[in-house]
Amino acid sequence: MTTGSRTNASKPGGGGWTADRMADQKGRTFVVTGATSGLGLVTARELAAHGGRVLLAVRDAARGEQVASSLRGAYPGAEVEVRQVDLLDPKSIRRAAQRIGEEESVDVLVNNAGISMVEHSVTAQGAERHLAANHLGHFALTALLEPALRRSPAPRVVTVTSYMHEKGELDLDDVAWSQKYTPLAAYSASKLANAVFGVELARRERSSSPPITSVLAHPGYSNTPMQSKGTGITGVAMRIAGKLFAQTPEMGALPQLYAATEPGLTAGSYIGPDGRGGRSGYPTLGQVSAAAQDPELGRRLWDRSQQLTGIRWHPTEA
């Protein structure tokens, strides 16, 4: 499930890959979660600009409609629609999946939405909120959209994680984080769950026909609205550092745009910035952490996710 050593993922001709190198996406349908700001907004904008039909899967439908209207104004003829979904609400996820599932097919699902640095709280499912929103909501949405993805000739799921997944630890016996909670640790654990999920989905899809190609992406250190979410001294430090050192959302979105549109990517590929430490730069093939590749952890997370969401989902296991 790894790509080996870091390899430049740019197209022939030199230089790093940018969105203007993206092929025409006309005729393809994309679902992008969290598409009203930050990385999701940039991703939706570029996909629409290149002819893709984009479904904005967002919690705030009114804000989504504003974004859709803006994109249609900027790119005449762009097909941009809103599908309301709250990734913390199982009923909302089912409603959204049912509506999206009425589409002829979904070619690419970009699991982009996320929260960070929130105070401790537990959902009705019994899961801490970072894990619930960042992983469980996307696990459920992906599972419920499987039929629509299967109708595509080349379905793909892009799961957005973070380099912080390398520091994450998953305690599947205490998904509520009832002890020793810190926002950063919980966020990192949820990003590890994203990485484990992406790798495990790729593993389980090896013998499916057509296989859903599961690809992982991370934005490096990018100045997005997440940088303003922290509280207290930590929040102030995050906002200052984001302005001073982080790359733009336009650069941060490139890995997931590459992961969503580049032909021929191998299942389990991990795309991130090519700069030092993977913090900034242009898309390149990287390597997820050893924990993310652990098949036993993948199996356990899959089973626990089914239990917590109440969704039995069994893609073919390798």
# chains A, B, ... in the order shown; residues from 1 in each chain; ligands from 1

$ closest_atom_pairs --of "region 124-181 of chain A" --to "region 299-302 of chain A" --cutoff "9 Å" --atoms "only C-alpha atoms" --output "tab-separated table"
residue	atom	partner	partner_atom	distance
A:Phe139	CA	A:Trp302	CA	8.9
A:Leu170	CA	A:Leu301	CA	8.8
A:Leu172	CA	A:Leu301	CA	7.1

$ write_last_selection --atoms "N, CA and C atoms" --output "mmCIF file, in the first residue's frame"
data_model
loop_
_atom_site.group_PDB
_atom_site.id
_atom_site.type_symbol
_atom_site.label_atom_id
_atom_site.label_comp_id
_atom_site.auth_asym_id
_atom_site.auth_seq_id
_atom_site.Cartn_x
_atom_site.Cartn_y
_atom_site.Cartn_z
ATOM 1 N N PHE A 139 -16.504 7.420 6.436
ATOM 2 C CA PHE A 139 -16.665 5.968 6.275
ATOM 3 C C PHE A 139 -18.102 5.657 5.877
ATOM 4 N N LEU A 170 -4.262 5.355 17.702
ATOM 5 C CA LEU A 170 -5.669 4.965 17.736
ATOM 6 C C LEU A 170 -5.921 3.983 18.872
ATOM 7 N N LEU A 172 -8.836 1.986 19.885
ATOM 8 C CA LEU A 172 -10.173 1.598 19.447
ATOM 9 C C LEU A 172 -11.034 1.073 20.580
#

$ residues_around --residues "region 165-167 of chain A" --least-positions-apart "4" --cutoff "6 Å" --atoms "only C-alpha atoms" --output "VMD selection string"
chain A and resid 188 191 to 192 289

$ write_last_selection --atoms "all heavy atoms" --output "tab-separated table (two decimals), in the first residue's frame"
chain	number	residue	atom	x	y	z
A	188	SER	N	-4.86	14.28	15.56
A	188	SER	CA	-3.86	13.41	14.93
A	188	SER	C	-4.36	11.98	14.81
A	188	SER	O	-4.13	11.30	13.80
A	188	SER	CB	-2.55	13.45	15.73
A	188	SER	OG	-2.03	14.76	15.78
A	191	LYS	N	-6.75	11.71	11.95
A	191	LYS	CA	-6.05	11.72	10.66
A	191	LYS	C	-5.35	10.37	10.41
A	191	LYS	O	-5.25	9.94	9.26
A	191	LYS	CB	-5.04	12.86	10.62
A	191	LYS	CG	-5.66	14.25	10.60
A	191	LYS	CD	-6.33	14.56	9.27
A	191	LYS	CE	-7.80	14.41	9.23
A	191	LYS	NZ	-8.38	14.76	7.91
A	192	LEU	N	-4.91	9.71	11.48
A	192	LEU	CA	-4.40	8.34	11.32
A	192	LEU	C	-5.55	7.43	10.87
A	192	LEU	O	-5.36	6.57	10.00
A	192	LEU	CB	-3.80	7.83	12.62
A	192	LEU	CG	-3.35	6.36	12.61
A	192	LEU	CD1	-2.34	6.08	11.50
A	192	LEU	CD2	-2.78	5.95	13.98
A	289	SER	N	2.59	6.22	7.11
A	289	SER	CA	3.29	5.66	8.26
A	289	SER	C	3.11	4.15	8.34
A	289	SER	O	2.20	3.57	7.74
A	289	SER	CB	2.76	6.30	9.54
A	289	SER	OG	1.42	5.88	9.78

$ closest_residue --among "A:Ala189, A:Ala202, A:Val67, A:Met22" --to "Pro263 (chain A)" --atoms "only C-alpha atoms"
A:Met22

$ select_by_dssp --residues "region 74-241 of chain A" --states "strand (DSSP E or B)" --output "VMD selection string"
chain A and resid 80 to 84 108 to 111 122 128 156 to 160 213 to 217 222

$ residues_around --residues "Glu250 (chain A)" --least-positions-apart "2" --cutoff "12 Å" --atoms "only C-alpha atoms" --output "ChimeraX atom specification"
/A:18-20,37-46,219-224,246-248,252-257,280-282

$ closest_residue --among "A:Ala74, A:Arg99, A:Ala185, A:Asn194" --to "Glu169 (chain A)" --atoms "only C-alpha atoms"
A:Ala185

$ residues_around --residues "Val58 (chain A)" --least-positions-apart "3" --cutoff "9 Å" --atoms "only C-alpha atoms" --output "number ranges by chain"
A: 32-36, 61, 63-64, 82-87, 113
